[in-house]
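S.K.: To start, I am sharing the structure in question, which I have written as structure tokens.
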Amino acid sequence: MLRYAFKRLSQSLVTLFIVVSFVFLLMRLLPIEGYFGDRFQKMSKEAIQAGLQKMGLLDPWYQQLGHFYSDLLRGDLGVSNIYRRDVPITKILAPRIPYSVGFGLVAVVVAMSVGLTMGVSMAKHKDRIQDRLGTFYIVFAHAVPLAVYLLFVQLYGTSLFKLPLLFDKYQPLSWILPGISMSLNGIAFYAMWMRRYMVDELSKDYVKLARAKGLSSGAIMVRHVMRNAYVPMAQYLPAAILTTIGGSIYIESLYSIPGMGGLLVDVIQRQDNTMVQALVLIFSSIGILGLFLGDLLMAFFDPRIRLVKGEGSR
């Protein structure tokens, strides 16, 4: 297990290094206006060159990359050039992270509670009304563009239930619609995979044998089917959870939540290259961390999984 974890950690770090380096180099291809903002039109060529030199943007790319990683290891993500000029990015992000994490945790709890329960019910009542309604919801959530049905949630949530349209940290009722909106995709995700794995398990020989021995349907579902269905689900849970906690970019913008997701949209529109680079780094790290934890959780539940030769490589 430790060797497996070490190897997966090494692969994850290499993947993160490649992704971050690629994003860093791509950002260097963007117009230099993103490093000066409104000042650019008023600056002379000499001032522009001096500014680029000060930021190290005239150095060879490999030196820039080396300086970037050197600062990163010290916890320095750089400073904002446009959004909040010359303010450290870590200082800008610090008050925003709790909003993304808070709403993300609420969305995870709601999505897992409702989604897993829905998936179990769909599997138990396969091809019946519960299964058909659940399938309709899953197809709808994946087929209809996110922006479309989230706008309907906001519109009818405010008109029918008199809930606030935008987020207000001093008004708890305004937290309901964003929390629900963030959980809708997760509900469909958990329900779909839980149903799939449970249906697969129900068709296996050990279930038929348990029925032949006289075990009740409830005992078979709880002791065997659900436990085995959770094993493949374990691979996806951390990635889905961490992605949700990272915050929904569109939803935070839709409800004016001052989190990291809405901030990314804002800095892209303002072309604050340094801020965009830092936020892409954070979201990439969250995604890769989720995949790594998913692999570890999968190996924990299923000891057959190994990356070491001679141990049932998979």
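Ordering of the structure tokens sets the chain letters (A, B, ...); residue numbers start at 1 within each chain; ligands are numbered from 1 in the order shown.
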What's the 9 Å shell around His224 of chain A, counting only C-alpha atoms, without same-chain residues fewer than 4 positions away, as number ranges by chain?

M.R.: A: 201, 206-207, 219-220, 228-229

S.K.: Please report, as a tab-separated table, each residue of segment 75-131 of chain A lying at most 6 Å from segment 176-191 of chain A, together with the nearest pair of atoms and the separation in Å rounded to one decimal; use only C-alpha atoms, and order rows by chain and ascending residue number.

M.R.:
residue	atom	partner	partner_atom	distance
A:Phe103	CA	A:Gly179	CA	5.9
A:Ala107	CA	A:Ser183	CA	4.5
A:Ala111	CA	A:Ile187	CA	4.4
A:Gly115	CA	A:Ile187	CA	4.1
A:Leu116	CA	A:Ala191	CA	5.3
A:Met118	CA	A:Ala191	CA	5.5
A:Gly119	CA	A:Ala191	CA	3.9

S.K.: Can you work out the spacing between atom CA of Val148 of chain A and atom CA of Pro164 of chain A in Å, to one decimal?

M.R.: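 About the pair atom CA of Val148 of chain A and atom CA of Pro164 of chain A: they are 19.1 Å apart.
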
S.K.: With the cut-off set at 8 Å and counting only C-alpha atoms, tabulate each residue of segment 260-288 of chain A with an atom at most that distance from an atom of segment 21-38 of chain A, showing the nearest atom pair and its distance in Å to one decimal, ordered by chain and increasing number, as CSV.

M.R.:
residue,atom,partner,partner_atom,distance
A:Arg270,CA,A:Gly34,CA,7.7
A:Gln271,CA,A:Gly34,CA,4.9
A:Asp272,CA,A:Gly34,CA,5.2
A:Asn273,CA,A:Gly34,CA,5.4
A:Thr274,CA,A:Tyr35,CA,7.5
A:Gln277,CA,A:Phe24,CA,6.7
A:Val280,CA,A:Val23,CA,7.8

S.K.: Export C-alpha atoms of the chosen residues as a PDB file, in the first residue's frame?

M.R.:
ATOM      1  CA  ARG A 270      -9.807  42.164 -16.674  1.00  0.00           C
ATOM      2  CA  GLN A 271      -6.876  40.247 -18.222  1.00  0.00           C
ATOM      3  CA  ASP A 272      -4.941  40.138 -14.970  1.00  0.00           C
ATOM      4  CA  ASN A 273      -2.493  37.496 -16.165  1.00  0.00           C
ATOM      5  CA  THR A 274      -0.787  36.884 -12.827  1.00  0.00           C
ATOM      6  CA  GLN A 277      -2.151  31.995 -13.508  1.00  0.00           C
ATOM      7  CA  VAL A 280      -5.561  28.065 -12.580  1.00  0.00           C
TER       8      VAL A 280
END

S.K.: When distances are computed from only C-alpha atoms, which of A:Leu173, A:Leu289, A:Val144, A:Leu297 shows the smallest separation from Thr15 of chain A?

M.R.: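 The answer is A:Leu289, which sits nearest to Thr15 of chain A.
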
S.K.: Of the candidates A:Leu57, A:Ile82, A:Leu72, A:Val109, which shows the shortest atom-to-atom distance to Val276 of chain A, using only C-alpha atoms?

M.R.: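 That would be A:Ile82, the residue with the smallest distance to Val276 of chain A.
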
S.K.: For Ser248 of chain A, which residue out of A:Phe40, A:Met226, A:Gly104, A:Asp205 is the nearest one, using only C-alpha atoms?

M.R.: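 Closest candidate: A:Gly104.
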
S.K.: Could you pull the residues within 7 Å of Ser174 of chain A, counting only C-alpha atoms, minus those fewer than 6 positions along the same chain, as a list in words?

M.R.: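 Near neighbours after the sequence-gap exclusion: Leu163, Pro164, Leu166, Phe167 and Asp168 of chain A.
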
S.K.: Distance atom CA of Leu215 of chain A-atom CA of Asp200 of chain A, one decimal place?

M.R.: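 Value for the atom CA of Leu215 of chain A-atom CA of Asp200 of chain A distance: 19.0 Å.
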